[in-house]
Amino acid sequence: MKKVYFTVGPSQVYPTINKHIISALKEDILSLNHRGLEFKKLFKSTTEGLRKLLKIPSDYQIFFLSSALEGMERSIEGCVQKYSFHVITGSFGKAWATYASNLGKTILKAEAKPGDGLELPKLYVSKDIEMICITQNDTSTGIWIPMEDIYGLSKKYPEKLIATDFVSSIPYVDIDFKFIDIAFLSVQKGFGLPAGLGVIIVSPKALAKTEALSKRGLSIGSYHSLKNLKESATAWETPETPNVLNIYLLDKVVKDMLKVGIKKIRQETNQKSKILYDHFENHKKYTPAVKNTKFRSPTTAVFNVEDSENLRKKLDKKGFIVGAGYENNKSTQIRIANFPSHKLADLKSLLKLI
Ligand SMILES: *Cc1c(COP(=O)(O)O)cnc(C)c1O
């Protein structure tokens with residue numbers, strides 16, 4: 001039986017992936033020289049597609065990384081000399097703060113109570129802070145921070161850099177890049193690709209900061225830094241030998257999504273999200289883990305179920321894979337992804353079983 005993966009990442013692959021993998025083999029993408037003309041074309045096409053799909057301004061740069069966790073490191077190493085501030089609503093935000101601390105930075109943070117979000121408009125961020133790091137959609141807890149709140153914070157502290165993890169909300173989340181300096185993602189969530197590729201989007205202001213740190217003789221990274229990524233990207237290249245196959249697949253899926261239209265993708269996600277949360281709101285035993293609807297993630301929903309393992313086993317037998325709760329919540333919660341790859345009909349069939 002072919003299974004449907006409602007896991008939060010890796011997840012159900014985009015419906016056209018098989019076709020694109022076959023064409024990659026036919027076009028000898030696996031042997032492609034990453035310094036050759038074909039690769040440069042691919043780099044250009046993929047970044048242009050992303051720019052169009054996500055409305056990324058023309059003066060922002062787009063680089064490829066090993067994965068999203070590298071985005072946490074690149075943002076800190078590249079743009080923070082001493083102080084970073086971390087908005088923490090789950091394990092991914094916590095990890096980012098830990099990396100900053102491991103890199104020798106002094107961290108300040110605001111941490112949400114379990115099952116609750118954070119009111120960004122109420123945050124006070126001290127003068128020393130160079131960058132505010134926000135996990136916009138923390139996949140471990142299903143907590144979503146509304147973009148308006150992030151814009152508000154950005155307007156309140158215009159001199160600070162705003163770095164954001166959009167890994168499990170992109171491409172659904174509608175981002176006004178005017179208020180964002182760094183955004184990063186991995187491809188195995190909303191884009192429905194195999195894991196092993198990250199993308200980071202960087203503003204001129206963030207690049208200027210990295211230049212300034214570099215000029216002062218400070219470390220901004222080694223084989224990857226925002227500076228050498230930029231230099232390589234000027235020639236449509238990456239410093240290292242990249243995951244060419246995944247860049248190829250991303251190029252294709254972004255083109256597929258452009259054909260469907262981002263508006264339609266967002267509408268469908270909203271529709272599925274409503275059905276999903278309504279089901280659990282009206283359930284006899286199970287409840288949404290995030291009580292305040294403002295902070296509920298439309299793309300990675302978390303539910304209290306008590307008997308997580310049994311429920312997941314039962315669903316697996318019927319061909320549906322859902323995620324366990326994260327870490328301490330493994331046995332009491334399930335996580336259900338609502339990405340563009342997830343079909344409404346499959347979601348309805350899944351919910352009939354829960
Ligand atoms: C999955 C995830 C990451 C990490 O992605 P990797 O591909 O493992 O680097 C980071 N942040 C969030 C919110 C995620 O969901």
# chains A, B, ... in the order shown; residues from 1 in each chain; ligands from 1
call {"tool": "residues_around", "arguments": {"residues": "segment 200-211 of chain A", "least_positions_apart": "3", "cutoff": "8 Å", "atoms": "only C-alpha atoms", "output": "MDAnalysis selection string"}}
result
chainID A and resid 59:65 71 78:79 161 180:185 214:215 220 226:227
call {"tool": "select_by_dssp", "arguments": {"residues": "segment 123-276 of chain A", "states": "strand (DSSP E or B)", "output": "MDAnalysis selection string"}}
result
chainID A and resid 131:135 137:138 143:144 161:165 182:186 198:202 221 225
call {"tool": "closest_residue", "arguments": {"among": "A:Thr98, A:Gln188, A:Thr89, A:Ser58", "to": "ligand 1", "atoms": "only C-alpha atoms and all ligand atoms"}}
result
A:Gln188
call {"tool": "residues_near_ligand", "arguments": {"ligand": "ligand 1", "cutoff": "7 Å", "atoms": "only C-alpha atoms and all ligand atoms", "output": "list in words"}}
result
Gly9, Ser67, Ala68, Leu69, Glu70, Phe92, Thr135, Asn137, Asp138, Thr139, Asp165, Phe166, Val167, Ser168, Ser186, Gln188, Ala195, Gly196 and Gly198 of chain A
call {"tool": "closest_residue", "arguments": {"among": "A:Pro114, A:Gly217, A:Gly49, A:Pro146", "to": "Phe295 of chain A", "atoms": "only C-alpha atoms"}}
result
A:Pro146
call {"tool": "atom_distance", "arguments": {"atom1": "atom CA of Arg51 of chain A", "atom2": "atom CA of Ile17 of chain A"}}
result
21.0 Å
call {"tool": "closest_residue", "arguments": {"among": "A:Pro10, A:Gly261, A:Gly325, A:Gly152", "to": "Leu120 of chain A", "atoms": "only C-alpha atoms"}}
result
A:Gly152
call {"tool": "residues_around", "arguments": {"residues": "Gly36 of chain A", "least_positions_apart": "5", "cutoff": "12 Å", "atoms": "only C-alpha atoms", "output": "PyMOL selection string"}}
result
chain A and resi 29+31+41-43+235-238+241+244
